[in-house]
Every structure is written in C-alpha cells, then in structure tokens.
2 protein chains.
Amino acid sequence: MHAVHYELIKECSRTGARLGKLHTPHGVFNTPMFMPVGTQASVKTLSPEELYDMGAQVILANTYHLFLRPGHELIRKAGGLHNFMKYKNGMLTDSGGFQVFSLAEMRKIKEEGVTFRSHIDGSTKFLSPEIATQVQEALGADIAMAFDECIPYPADFEYAKKSTERTSRWAKRCLEAHTREDQSLFGIVQGGMYPELRKMSADALTEMDFAGYGIGGLSVGEPKSMMYDVLGETTCHLPKNKARYLMGVGTPDCMVEAVALGVDMFDCVFPTRVARNGTAMIPEGRLVVRNAAYAEDFRPIDERCNCYTCRNYSRAYIRHLFHAKEIFALRLLTIHNLYFLLNFAQQMRDAIRDDVFPEFKEKFLSNYKI
Amino acid sequence: MHAVHYELIKECSRTGARLGKLHTPHGVFNTPMFMPVGTQASVKTLSPEELYDMGAQVILANTYHLFLRPGHELIRKAGGLHNFMKYKNGMLTDSGGFQVFSLAEMRKIKEEGVTFRSHIDGSTKFLSPEIATQVQEALGADIAMAFDECIPYPADFEYAKKSTERTSRWAKRCLEAHTREDQSLFGIVQGGMYPELRKMSADALTEMDFAGYGIGGLSVGEPKSMMYDVLGETTCHLPKNKARYLMGVGTPDCMVEAVALGVDMFDCVFPTRVARNGTAMIPEGRLVVRNAAYAEDFRPIDERCNCYTCRNYSRAYIRHLFHAKEIFALRLLTIHNLYFLLNFAQQMRDAIRDDVFPEFKEKFLSNYKI
C-alpha cells in the first residue's frame, strides 16, 4: 500500500463524478478537493491557521522555485516543508517540469534532463527525473510528482508523440529513483490534445506503480471545449482506485466540468492571483471590489458567504485598503477567494453524496459568468 | 468627567514614572502604553484579531491620510473608524497637523488654518482647528488631538514663540468646535527646544479643559539628550491627573527614559516600518533577519520571546520569505516587533508596580545597543 492512497466512497449515477478520500501521512482528506498554492513555501499573504480556518486540506508548493531558493538542502535541514513552513495538513510538490518550461530561460531538453537558466539569478541549473525526485524527497511533501515535459499548445503530432514517450520514460526513472516510504509519487499523463497520445500515456503510466495520476498539459491555451474533450479521453483510461489530479486548473466552471469527468484534485493560482488584483470570486463570476461602484457600499463582498472577510468587512473598507495599497486588503481578498473555492469543492462533494451532482452542475453553470 | 480620563494608580518613588489606567468608551487600558499605528485604518499587514492576541490596547489612525482618502464622510457613514476597520479596543486620531507639515506640499500657514496640496493627487486642501476637529468627530476615535503646528528643528526663538502661541489659540478653537460627548480632546504642548516656551505652552493648555496632553515637536532631529531635557521641562508643568502622550516616539530606549520623566502614552511607526525592512527588535537592539548569517539558522528570532512568530517560525524561514518577497514575512516581523514593544510596556508597568523601575531602566539600557 502506498503512503498516499485513494479511497472511492461513491460514484455519481449519471456522470463520472466521484466522492472519495485521500489517505496521507498527514491526515485523510476529502475529494474532490481544491489545493491552495504555496509556491515559495507560503500561500501568499496567509498563515497556516488562516488556511485551517477556511478548511484547507492539501496545499501545494513548487519544486522549481524552492530548488532555486532557498534550496532543497536547506529545507531538508529544517525538517522538510511541513516543519519549515509549519503547515500540518497534507502537502504536494510538483516536479518542477511545468515551471522549467514556462518560467526558465535558455532551456535545453535532452533525454537525460533539462538544462535551464534560473529566472532569479541567471545561473545555469539542471533538472532530471532523478534530481527532481531527490529534490522532492528533501522537500518531503506527502505527494511528489514525476518530472515531465508540459507540451505547449498547439504542438504537432510528431513532437507531441516524441515528448509524451519521453515523459513516460522519465516517469519510470522517477519511480526508480524514489526511496521515501512516507511519500508517494504520482505520474503525469501528457499527450497534448491528441486522444490517442493521451491513451498511450495513460496506458504506459498505469503499467507502473504510481500512487495516483496527474493530468498535465491542459489549460495551456486551448479552447475549453477541447480541454473537456481531451480530459474525458484521459480519465477513461485511468484506474478507478487511484486519485486523478488535473494540474493547474481551478476556476469553478472548469472544476465542475472536470469533476463530472472523474477528476478528484485541483490546484490553481487563479484565486490568490486575482485577489491581489482586487477581484473577488462569487457564484455569479467576479466582483471587482476596487471599482468605484463599491466606494460607499457597506455590504460584505457576498452576503451569502461565511468567510472571515465577509463576516467582518465591507466592500467599502476593502476597496479603501486596496487603493491605499494596504497589505491587509490582499489578505482579505485571498481569504475570501480561497474560502470560495474550498467551499465550492465542499458543495460538489455534498452534491455527489446526495446524488444530485448533475443538477448542482447545471444550476451553478447557469448562474456563472466568466 | 471627560469620556476619556486618566486614573493614577501608583508613582515610582525615585523617578517620575507613573502606573495608571486610561478609561475610554471602548475599555480601560493600562499605562504606560505603546499604541500601534494604523495610519490608513489598518495597522499595516495585521488583522484586529492579531492585535488583540498581542495585547494591543489603544491604536492610532492618522487624520491627514483618512481626510484625503477615503474621506471622513465615508467613514462617518460606515459608523466611524471602529466599525469601518472592526477594531473594538481604544482608538486615537492625531489632528493632521504633523502630517500637513511633514508630508504635504505647498503649505501656507495663516491664523485661520493651513492650505496645502495633497500628497496623493496634488489637489488643494485646507485644514483648520475647526475642520480638524470636525473630521476627527466623523472618524469617531475615543481620543482626538488638537490641531497644532509641529515646529521644525532647529527653529529660532521668535518663530518658535509665535508658532507656540498660535498653537495655543488653535487649541482653544478646537475645544470650542468639539461637540461629541463620547470622544475626548487632548491638547498638544509645543514650544520647540525652549524650556520657557514649553512652560508657556503647558500653562496655556492646562488652563483649558482638555482630557489629556500630547507632547509634540520632540524627536524631530534634535539630539536625544536635548529631547530628554526638554521633555522633563514639559512634564513638570502638566497636571498629575491627566494622561501625557509623547507623540511619535517608540524606540524602547526613548520610551524608558520618557516614562522616567512621567510619560504615559507612546506611538511610533518604527516597529512596523523596520519590520517591513527585514529588521526584528530584540532587547539587545536589532536583529536584521534578512542577513546571510541567518540563512540556515533554525532558531526563532528571539528564544525568550513568546510572540506568535517566535513560537512557530525560524530565522531561516522568515529570511527565505523576505528574500522571496512573500508578504507573510512582513506579517511575521510586524507581529514580533509590535509584541516586543507592547510587552516592553508591560514590563515597565510591572517594574513601576513593584517599585523597581530605576533598576529595570538601568538594566535594560545597559544591554540595549541602538
């Protein structure tokens, strides 16, 4: 049995939605789940206590960033990420693959791994399946991800096939390099927008002994309808007894569609990033609280919301803080947006449990404006 | 009886130090006290709950800033500052005088008041004793301050005398303009560095019916020894049954010297400002936690400190967050520094109660390096 394993509790009778539990060394967590992103060992602006209060379960940290600064050896000495940042619930680290391809400069991909220049100080760095695995063992999250290449969109079939095959070979090397028994490794299904490559990738990875499966390379610029099509062509090839994690997706419309296709886990910087831009998430879409319309609006962001921000503060106050460049504004909006998505995941779980998920999905999408 | 009044509990037998209580509409608070500064209706980076947890009593907000943005009428509509920012303990607003003279541009002082240009949008504004009082009534803090001119250092005797006399006339106009019975007005003693003008100012103000006295125009660039001399020449002319507030002073060495001269209240942006610059306050002076020396230092900022930051996080983690430009670093250092000063005030109160204040002062100053 893997240190991290998925327990299927209930399946929706009319869609692919699943209610489940993710067992980890740091607790048992409910799926479908949204994972707040703590890129640099901090969910931006928040304390661990604020995360517990809003119901956060597993949070994510980025291997690429922590590898470059402060370095994984320092975090190993600190007793791992959990102890370094004092977060006691579940943690997941990505493999660094996505960031190497999206943030780093001068990258060169070879079979052995990827050479790139740090976006922080320009120094030359190297990540391979083995190194990414060792770095993640030093970071010590409950879940580590296999090192992969995220195929850009659009990509021609030949490139996508070659890259996907390499990602599968890299996945095998990650498994072979992985030694920590209190940490589990998830493989990452790639394949671009090609259903046959998605099947090839899923088949190759499910032959290996991964504790769960990431689904990478989606939400990279393709139309949403294409994303849902490819996602459906991916999850159908994944085993029911393992968790499925759609990487980098976390707007509520995409989440509810993906849950219907059998996805269990999500992460995204969207809620925290737009918070810092003065935007609050609401069931109808977005409320740009920095707008002049809210200058003398003494209602909370959302009267239906039970988050710390909405229980205490007015739109007028948050707008004032935002325009006055007060950091507390960023905290209040980050709390609200993460609570919104964590609560949204809870609502999806309730709907699956009560076997009304299709109705929940339809009602939500009919009100939601992007 | 004023809405805010001072109760003298005990006097030090060998210095001018006083243990007291400040009664306000929002609670009874212990003096000597340090008041955290919430310039724009937010103590930078912190929530009210974090302030309560660290023992904050009265906090300060700046009339000048709130007059310009979001405007006092908006805060009046919000139910006053307490309700706008959801702070339930005591609050004090300054009069705007100091900021008009330190931040605003193109200021013109006349007997009627001061015309200046907003540092935010360049618009022309006017503050007078009457307007500053009305603005503070709209803000609704427990304590409002009289509108004064802060005399720069150095200033010649003739200018200082003329300005001090005008500040006394302005103080009278503030009292006449003040109408709120659930708010009390403090006068502000000026007089530059001239003991005879300080006496003149104190005599003029104590003839009026103020609830307490600010001591302004100190810590404006003069040597510390001069500040202490002038402070002693001021407090000796103030009545024992009213609170004395040394405005803008809040380093521990100055606080302990000023308490020995009979000061009860302090405020300063120093602890919150240096926190945001990566500096922690400790009994020995300062610890610049962003320095390379602390990169792998897994001890707390101060092992003797019981603040949230020191109970949970290492120097290495805070340093990492600081260099990674993570906002949580600013929160953690702000919490530590404010806790340090609030706890320092508590230690001074304990020492006065136990009649060991001179020994406490000597021991503290012998360890403290500026």
# chains A, B, ... in the order shown; residues from 1 in each chain; ligands from 1
>>> interface_residues(of="chain A", to="chain B", cutoff="7 Å", atoms="only C-alpha atoms", output="list in words")
Lys44, Thr45, Leu46, Pro70, Leu74, Ala78, Phe84, Met85, Glu296, Phe298, Tyr317, His320, Glu326, Ile327 and Phe328 of chain A
>>> write_last_selection(atoms="all heavy atoms", output="tab-separated table (two decimals), in the first residue's frame")
chain	number	residue	atom	x	y	z
A	44	LYS	N	0.37	32.74	-0.50
A	44	LYS	CA	0.66	34.17	-0.44
A	44	LYS	C	-0.27	34.94	0.49
A	44	LYS	O	-1.48	34.85	0.38
A	44	LYS	CB	0.63	34.79	-1.85
A	44	LYS	CG	1.86	34.37	-2.67
A	44	LYS	CD	2.02	35.19	-3.94
A	44	LYS	CE	3.08	34.58	-4.85
A	44	LYS	NZ	4.41	34.41	-4.23
A	45	THR	N	0.32	35.66	1.41
A	45	THR	CA	-0.27	36.56	2.41
A	45	THR	C	-0.82	35.84	3.65
A	45	THR	O	-1.09	36.50	4.65
A	45	THR	CB	-1.41	37.48	1.86
A	45	THR	OG1	-2.64	36.75	1.79
A	45	THR	CG2	-1.09	38.04	0.47
A	46	LEU	N	-0.99	34.49	3.62
A	46	LEU	CA	-1.73	33.81	4.69
A	46	LEU	C	-0.87	33.02	5.66
A	46	LEU	O	0.22	32.55	5.33
A	46	LEU	CB	-2.76	32.87	4.07
A	46	LEU	CG	-3.82	33.52	3.18
A	46	LEU	CD1	-4.86	32.50	2.79
A	46	LEU	CD2	-4.48	34.70	3.87
A	70	PRO	N	14.86	28.62	-1.26
A	70	PRO	CA	16.18	28.71	-0.61
A	70	PRO	C	17.06	27.49	-0.88
A	70	PRO	O	18.16	27.42	-0.36
A	70	PRO	CB	15.81	28.75	0.87
A	70	PRO	CG	14.61	27.88	0.96
A	70	PRO	CD	13.84	28.12	-0.31
A	74	LEU	N	18.48	23.13	2.30
A	74	LEU	CA	18.14	23.94	3.47
A	74	LEU	C	16.81	23.47	4.05
A	74	LEU	O	16.65	23.34	5.26
A	74	LEU	CB	18.07	25.42	3.07
A	74	LEU	CG	17.89	26.40	4.23
A	74	LEU	CD1	18.61	27.70	3.94
A	74	LEU	CD2	16.43	26.69	4.54
A	78	ALA	N	15.79	21.86	7.67
A	78	ALA	CA	14.72	22.43	8.50
A	78	ALA	C	13.70	21.36	8.92
A	78	ALA	O	12.76	21.65	9.65
A	78	ALA	CB	14.01	23.55	7.75
A	84	PHE	N	9.27	23.46	8.06
A	84	PHE	CA	9.83	24.76	7.64
A	84	PHE	C	8.74	25.83	7.68
A	84	PHE	O	8.91	26.90	8.24
A	84	PHE	CB	10.41	24.62	6.24
A	84	PHE	CG	11.18	25.81	5.73
A	84	PHE	CD1	12.21	26.37	6.47
A	84	PHE	CD2	10.90	26.34	4.46
A	84	PHE	CE1	12.94	27.45	5.98
A	84	PHE	CE2	11.63	27.42	3.97
A	84	PHE	CZ	12.64	27.97	4.73
A	85	MET	N	7.58	25.50	7.09
A	85	MET	CA	6.50	26.50	7.00
A	85	MET	C	5.40	26.26	8.01
A	85	MET	O	4.43	27.02	8.06
A	85	MET	CB	5.94	26.55	5.58
A	85	MET	CG	5.25	25.29	5.12
A	85	MET	SD	4.71	25.39	3.37
A	85	MET	CE	3.34	26.55	3.48
A	296	GLU	N	-18.87	53.38	-1.52
A	296	GLU	CA	-19.70	53.58	-0.33
A	296	GLU	C	-20.65	52.41	-0.13
A	296	GLU	O	-21.77	52.57	0.38
A	296	GLU	CB	-20.47	54.90	-0.44
A	296	GLU	CG	-19.52	56.09	-0.59
A	296	GLU	CD	-20.09	57.39	-0.07
A	296	GLU	OE1	-21.28	57.43	0.32
A	296	GLU	OE2	-19.34	58.39	-0.06
A	298	PHE	N	-21.46	49.36	1.88
A	298	PHE	CA	-21.08	48.83	3.19
A	298	PHE	C	-21.53	47.38	3.39
A	298	PHE	O	-21.46	46.86	4.50
A	298	PHE	CB	-21.60	49.75	4.30
A	298	PHE	CG	-21.01	51.13	4.22
A	298	PHE	CD1	-21.78	52.22	3.84
A	298	PHE	CD2	-19.66	51.34	4.45
A	298	PHE	CE1	-21.22	53.49	3.72
A	298	PHE	CE2	-19.08	52.59	4.33
A	298	PHE	CZ	-19.87	53.68	3.97
A	317	TYR	N	-14.61	49.19	2.83
A	317	TYR	CA	-13.35	49.11	3.57
A	317	TYR	C	-12.27	48.42	2.74
A	317	TYR	O	-11.14	48.90	2.64
A	317	TYR	CB	-13.56	48.36	4.89
A	317	TYR	CG	-12.31	48.26	5.74
A	317	TYR	CD1	-11.66	49.39	6.18
A	317	TYR	CD2	-11.80	47.01	6.10
A	317	TYR	CE1	-10.51	49.30	6.97
A	317	TYR	CE2	-10.67	46.91	6.88
A	317	TYR	CZ	-10.02	48.05	7.32
A	317	TYR	OH	-8.89	47.96	8.09
A	320	HIS	N	-11.11	50.68	0.02
A	320	HIS	CA	-10.20	51.70	0.56
A	320	HIS	C	-8.81	51.14	0.78
A	320	HIS	O	-7.81	51.73	0.37
A	320	HIS	CB	-10.77	52.25	1.87
A	320	HIS	CG	-9.73	52.92	2.72
A	320	HIS	ND1	-9.06	54.06	2.33
A	320	HIS	CD2	-9.19	52.57	3.93
A	320	HIS	CE1	-8.18	54.40	3.26
A	320	HIS	NE2	-8.23	53.51	4.23
A	326	GLU	N	-2.77	48.98	1.10
A	326	GLU	CA	-2.58	48.29	2.37
A	326	GLU	C	-2.60	46.78	2.16
A	326	GLU	O	-3.53	46.24	1.55
A	326	GLU	CB	-3.70	48.70	3.35
A	326	GLU	CG	-3.55	50.10	3.91
A	326	GLU	CD	-2.41	50.20	4.94
A	326	GLU	OE1	-1.92	49.16	5.41
A	326	GLU	OE2	-2.03	51.35	5.24
A	327	ILE	N	-1.60	46.12	2.69
A	327	ILE	CA	-1.44	44.68	2.51
A	327	ILE	C	-2.65	43.90	3.05
A	327	ILE	O	-3.00	42.83	2.53
A	327	ILE	CB	-0.13	44.24	3.19
A	327	ILE	CG1	1.04	44.60	2.28
A	327	ILE	CG2	-0.14	42.75	3.54
A	327	ILE	CD1	2.40	44.38	2.89
A	328	PHE	N	-3.30	44.45	4.06
A	328	PHE	CA	-4.44	43.72	4.64
A	328	PHE	C	-5.54	43.48	3.59
A	328	PHE	O	-6.26	42.48	3.66
A	328	PHE	CB	-4.98	44.50	5.86
A	328	PHE	CG	-5.92	43.71	6.72
A	328	PHE	CD1	-5.66	42.39	7.06
A	328	PHE	CD2	-7.08	44.30	7.21
A	328	PHE	CE1	-6.53	41.67	7.87
A	328	PHE	CE2	-7.96	43.59	8.01
A	328	PHE	CZ	-7.69	42.27	8.34
>>> residues_around(residues="B:Asp121", least_positions_apart="5", cutoff="12 Å", atoms="only C-alpha atoms", output="number ranges by chain")
B: 68-69, 104-105, 116
>>> residues_around(residues="A:Thr31", least_positions_apart="4", cutoff="10 Å", atoms="only C-alpha atoms", output="JSON, numbers by chain")
{"A": [6, 7, 8, 9, 18, 19, 20, 21, 22, 57, 243, 244, 259, 263, 264, 265, 266, 345, 346, 348, 349]}
>>> atom_distance(atom1="atom CA of B:Arg286", atom2="atom CA of B:Arg273")
13.1 Å
>>> atom_distance(atom1="atom CA of A:Arg198", atom2="atom CA of A:Phe157")
11.7 Å
>>> residues_around(residues="stretch 231-241 of chain B", least_positions_apart="5", cutoff="8 Å", atoms="only C-alpha atoms", output="ChimeraX atom specification")
/B:6-8,189,195,198-199,202-203,206,213,215,218,258,261-263
>>> write_last_selection(atoms="C-alpha atoms", output="PDB file, in the first residue's frame")
ATOM      1  CA  TYR B   6      -6.666  59.099  33.414  1.00  0.00           C
ATOM      2  CA  GLU B   7      -6.521  57.308  36.746  1.00  0.00           C
ATOM      3  CA  LEU B   8      -3.173  57.451  38.547  1.00  0.00           C
ATOM      4  CA  VAL B 189       2.168  71.097  24.120  1.00  0.00           C
ATOM      5  CA  PRO B 195      12.014  75.342  28.156  1.00  0.00           C
ATOM      6  CA  ARG B 198       7.310  74.672  26.819  1.00  0.00           C
ATOM      7  CA  LYS B 199       6.194  76.144  30.167  1.00  0.00           C
ATOM      8  CA  ALA B 202       1.787  73.869  29.086  1.00  0.00           C
ATOM      9  CA  ASP B 203       0.394  76.717  31.204  1.00  0.00           C
ATOM     10  CA  THR B 206      -3.726  73.390  31.216  1.00  0.00           C
ATOM     11  CA  TYR B 213      -1.977  66.266  26.874  1.00  0.00           C
ATOM     12  CA  ILE B 215       3.692  66.460  23.852  1.00  0.00           C
ATOM     13  CA  LEU B 218      10.120  66.220  20.007  1.00  0.00           C
ATOM     14  CA  ALA B 258      10.380  59.189  28.838  1.00  0.00           C
ATOM     15  CA  LEU B 261      10.022  61.628  33.139  1.00  0.00           C
ATOM     16  CA  GLY B 262       6.324  60.895  33.605  1.00  0.00           C
ATOM     17  CA  VAL B 263       5.060  59.981  30.130  1.00  0.00           C
TER      18      VAL B 263
END
>>> select_by_dssp(residues="stretch 3-209 of chain A", states="strand (DSSP E)", output="ChimeraX atom specification")
/A:5-11,18-24,27-31,33-35,59-61,91-93,105-109,114-117,124-127,143-145,184-189
>>> residues_around(residues="B:Met106", least_positions_apart="3", cutoff="12 Å", atoms="only C-alpha atoms", output="list of chain:residue names")
B:Val100, B:Phe101, B:Ser102, B:Leu103, B:Ile109, B:Val114, B:Thr115, B:Phe116, B:Arg117, B:Ser118, B:His119, B:Gly122, B:Ser123, B:Thr124, B:Lys125, B:Phe126
>>> write_last_selection(atoms="N, CA, C and O atoms", output="short mmCIF file (atom, residue, chain, number, x, y, z; two decimals), in the first residue's frame")
data_model
loop_
_atom_site.label_atom_id
_atom_site.label_comp_id
_atom_site.auth_asym_id
_atom_site.auth_seq_id
_atom_site.Cartn_x
_atom_site.Cartn_y
_atom_site.Cartn_z
N VAL B 100 0.55 67.49 7.84
CA VAL B 100 0.49 68.65 6.96
C VAL B 100 1.87 69.29 6.86
O VAL B 100 2.30 69.72 5.79
N PHE B 101 2.60 69.27 7.99
CA PHE B 101 3.91 69.92 7.99
C PHE B 101 5.03 69.00 7.51
O PHE B 101 6.10 69.46 7.15
N SER B 102 4.79 67.67 7.50
CA SER B 102 5.86 66.76 7.09
C SER B 102 5.62 66.12 5.73
O SER B 102 6.57 65.77 5.05
N LEU B 103 4.35 65.95 5.31
CA LEU B 103 4.07 65.24 4.06
C LEU B 103 3.54 66.13 2.95
O LEU B 103 3.85 65.92 1.78
N ILE B 109 0.62 78.64 5.96
CA ILE B 109 0.05 78.73 7.29
C ILE B 109 -0.50 80.14 7.50
O ILE B 109 0.20 81.12 7.30
N VAL B 114 -4.37 75.98 7.60
CA VAL B 114 -3.28 75.67 6.69
C VAL B 114 -3.84 75.18 5.35
O VAL B 114 -4.66 74.26 5.30
N THR B 115 -3.39 75.83 4.28
CA THR B 115 -3.70 75.36 2.93
C THR B 115 -2.52 74.53 2.45
O THR B 115 -1.36 74.90 2.69
N PHE B 116 -2.80 73.40 1.82
CA PHE B 116 -1.71 72.53 1.36
C PHE B 116 -2.16 71.72 0.16
O PHE B 116 -3.34 71.69 -0.18
N ARG B 117 -1.19 71.09 -0.48
CA ARG B 117 -1.52 70.20 -1.59
C ARG B 117 -1.42 68.75 -1.15
O ARG B 117 -0.45 68.34 -0.52
N SER B 118 -2.43 67.99 -1.47
CA SER B 118 -2.48 66.57 -1.15
C SER B 118 -1.29 65.85 -1.74
O SER B 118 -0.96 66.05 -2.91
N HIS B 119 -0.63 64.99 -0.94
CA HIS B 119 0.50 64.22 -1.48
C HIS B 119 -0.02 63.07 -2.36
O HIS B 119 0.74 62.39 -3.02
N GLY B 122 -2.38 65.83 -5.48
CA GLY B 122 -1.97 67.20 -5.78
C GLY B 122 -3.07 68.24 -5.62
O GLY B 122 -2.84 69.42 -5.86
N SER B 123 -4.26 67.82 -5.21
CA SER B 123 -5.36 68.78 -5.07
C SER B 123 -5.12 69.69 -3.85
O SER B 123 -4.43 69.32 -2.92
N THR B 124 -5.70 70.87 -3.88
CA THR B 124 -5.54 71.83 -2.80
C THR B 124 -6.53 71.53 -1.68
O THR B 124 -7.72 71.31 -1.93
N LYS B 125 -6.03 71.49 -0.45
CA LYS B 125 -6.87 71.16 0.71
C LYS B 125 -6.66 72.21 1.79
O LYS B 125 -5.66 72.93 1.79
N PHE B 126 -7.57 72.25 2.72
CA PHE B 126 -7.48 73.22 3.82
C PHE B 126 -7.83 72.52 5.12
O PHE B 126 -8.83 71.80 5.19
#
>>> residues_around(residues="A:Met91", least_positions_apart="3", cutoff="7 Å", atoms="only C-alpha atoms", output="list in words")
Val58, Ile59, Leu60, Ala141, Asp142 and Ile143 of chain A
>>> select_by_dssp(residues="stretch 40-118 of chain B", states="alpha helix (DSSP H)", output="PyMOL selection string")
chain B and resi 48-53+63-68+72-77+80-85+97-102
>>> decode(residues="stretch 134-147 of chain B", atoms="N, CA, C and O atoms", output="CSV table (one decimal), in the first residue's frame")
chain,number,residue,atom,x,y,z
B,134,GLN,N,-13.8,68.6,13.4
B,134,GLN,CA,-15.0,68.0,12.7
B,134,GLN,C,-14.6,66.7,12.0
B,134,GLN,O,-15.4,65.7,12.1
B,135,VAL,N,-13.5,66.7,11.4
B,135,VAL,CA,-13.0,65.4,10.7
B,135,VAL,C,-12.9,64.3,11.8
B,135,VAL,O,-13.3,63.2,11.6
B,136,GLN,N,-12.2,64.7,12.9
B,136,GLN,CA,-12.0,63.7,13.9
B,136,GLN,C,-13.3,63.2,14.6
B,136,GLN,O,-13.4,62.1,15.0
B,137,GLU,N,-14.3,64.1,14.6
B,137,GLU,CA,-15.6,63.7,15.2
B,137,GLU,C,-16.2,62.7,14.2
B,137,GLU,O,-16.8,61.7,14.7
B,138,ALA,N,-16.0,62.9,12.9
B,138,ALA,CA,-16.6,61.9,12.0
B,138,ALA,C,-15.8,60.6,12.1
B,138,ALA,O,-16.4,59.5,11.9
B,139,LEU,N,-14.5,60.6,12.3
B,139,LEU,CA,-13.7,59.4,12.4
B,139,LEU,C,-14.1,58.7,13.7
B,139,LEU,O,-14.2,57.4,13.7
B,140,GLY,N,-14.4,59.4,14.8
B,140,GLY,CA,-15.0,58.9,15.9
B,140,GLY,C,-14.1,58.1,16.9
B,140,GLY,O,-14.6,57.2,17.6
B,141,ALA,N,-12.8,58.3,16.8
B,141,ALA,CA,-11.9,57.6,17.8
B,141,ALA,C,-12.3,58.1,19.2
B,141,ALA,O,-12.9,59.1,19.4
B,142,ASP,N,-11.8,57.4,20.2
B,142,ASP,CA,-12.0,57.7,21.6
B,142,ASP,C,-11.3,59.1,21.9
B,142,ASP,O,-11.9,59.9,22.7
B,143,ILE,N,-10.1,59.2,21.4
B,143,ILE,CA,-9.3,60.4,21.7
B,143,ILE,C,-9.1,61.1,20.4
B,143,ILE,O,-8.6,60.5,19.4
B,144,ALA,N,-9.4,62.4,20.4
B,144,ALA,CA,-9.0,63.3,19.2
B,144,ALA,C,-7.9,64.3,19.7
B,144,ALA,O,-7.8,64.6,20.9
B,145,MET,N,-7.1,64.7,18.8
B,145,MET,CA,-6.0,65.6,19.2
B,145,MET,C,-6.3,67.0,18.6
B,145,MET,O,-6.8,67.1,17.5
B,146,ALA,N,-5.8,68.0,19.4
B,146,ALA,CA,-6.0,69.4,18.9
B,146,ALA,C,-5.1,69.7,17.7
B,146,ALA,O,-4.0,69.1,17.6
B,147,PHE,N,-5.5,70.5,16.8
B,147,PHE,CA,-4.7,70.9,15.6
B,147,PHE,C,-3.6,71.8,16.0
B,147,PHE,O,-3.8,72.8,16.6
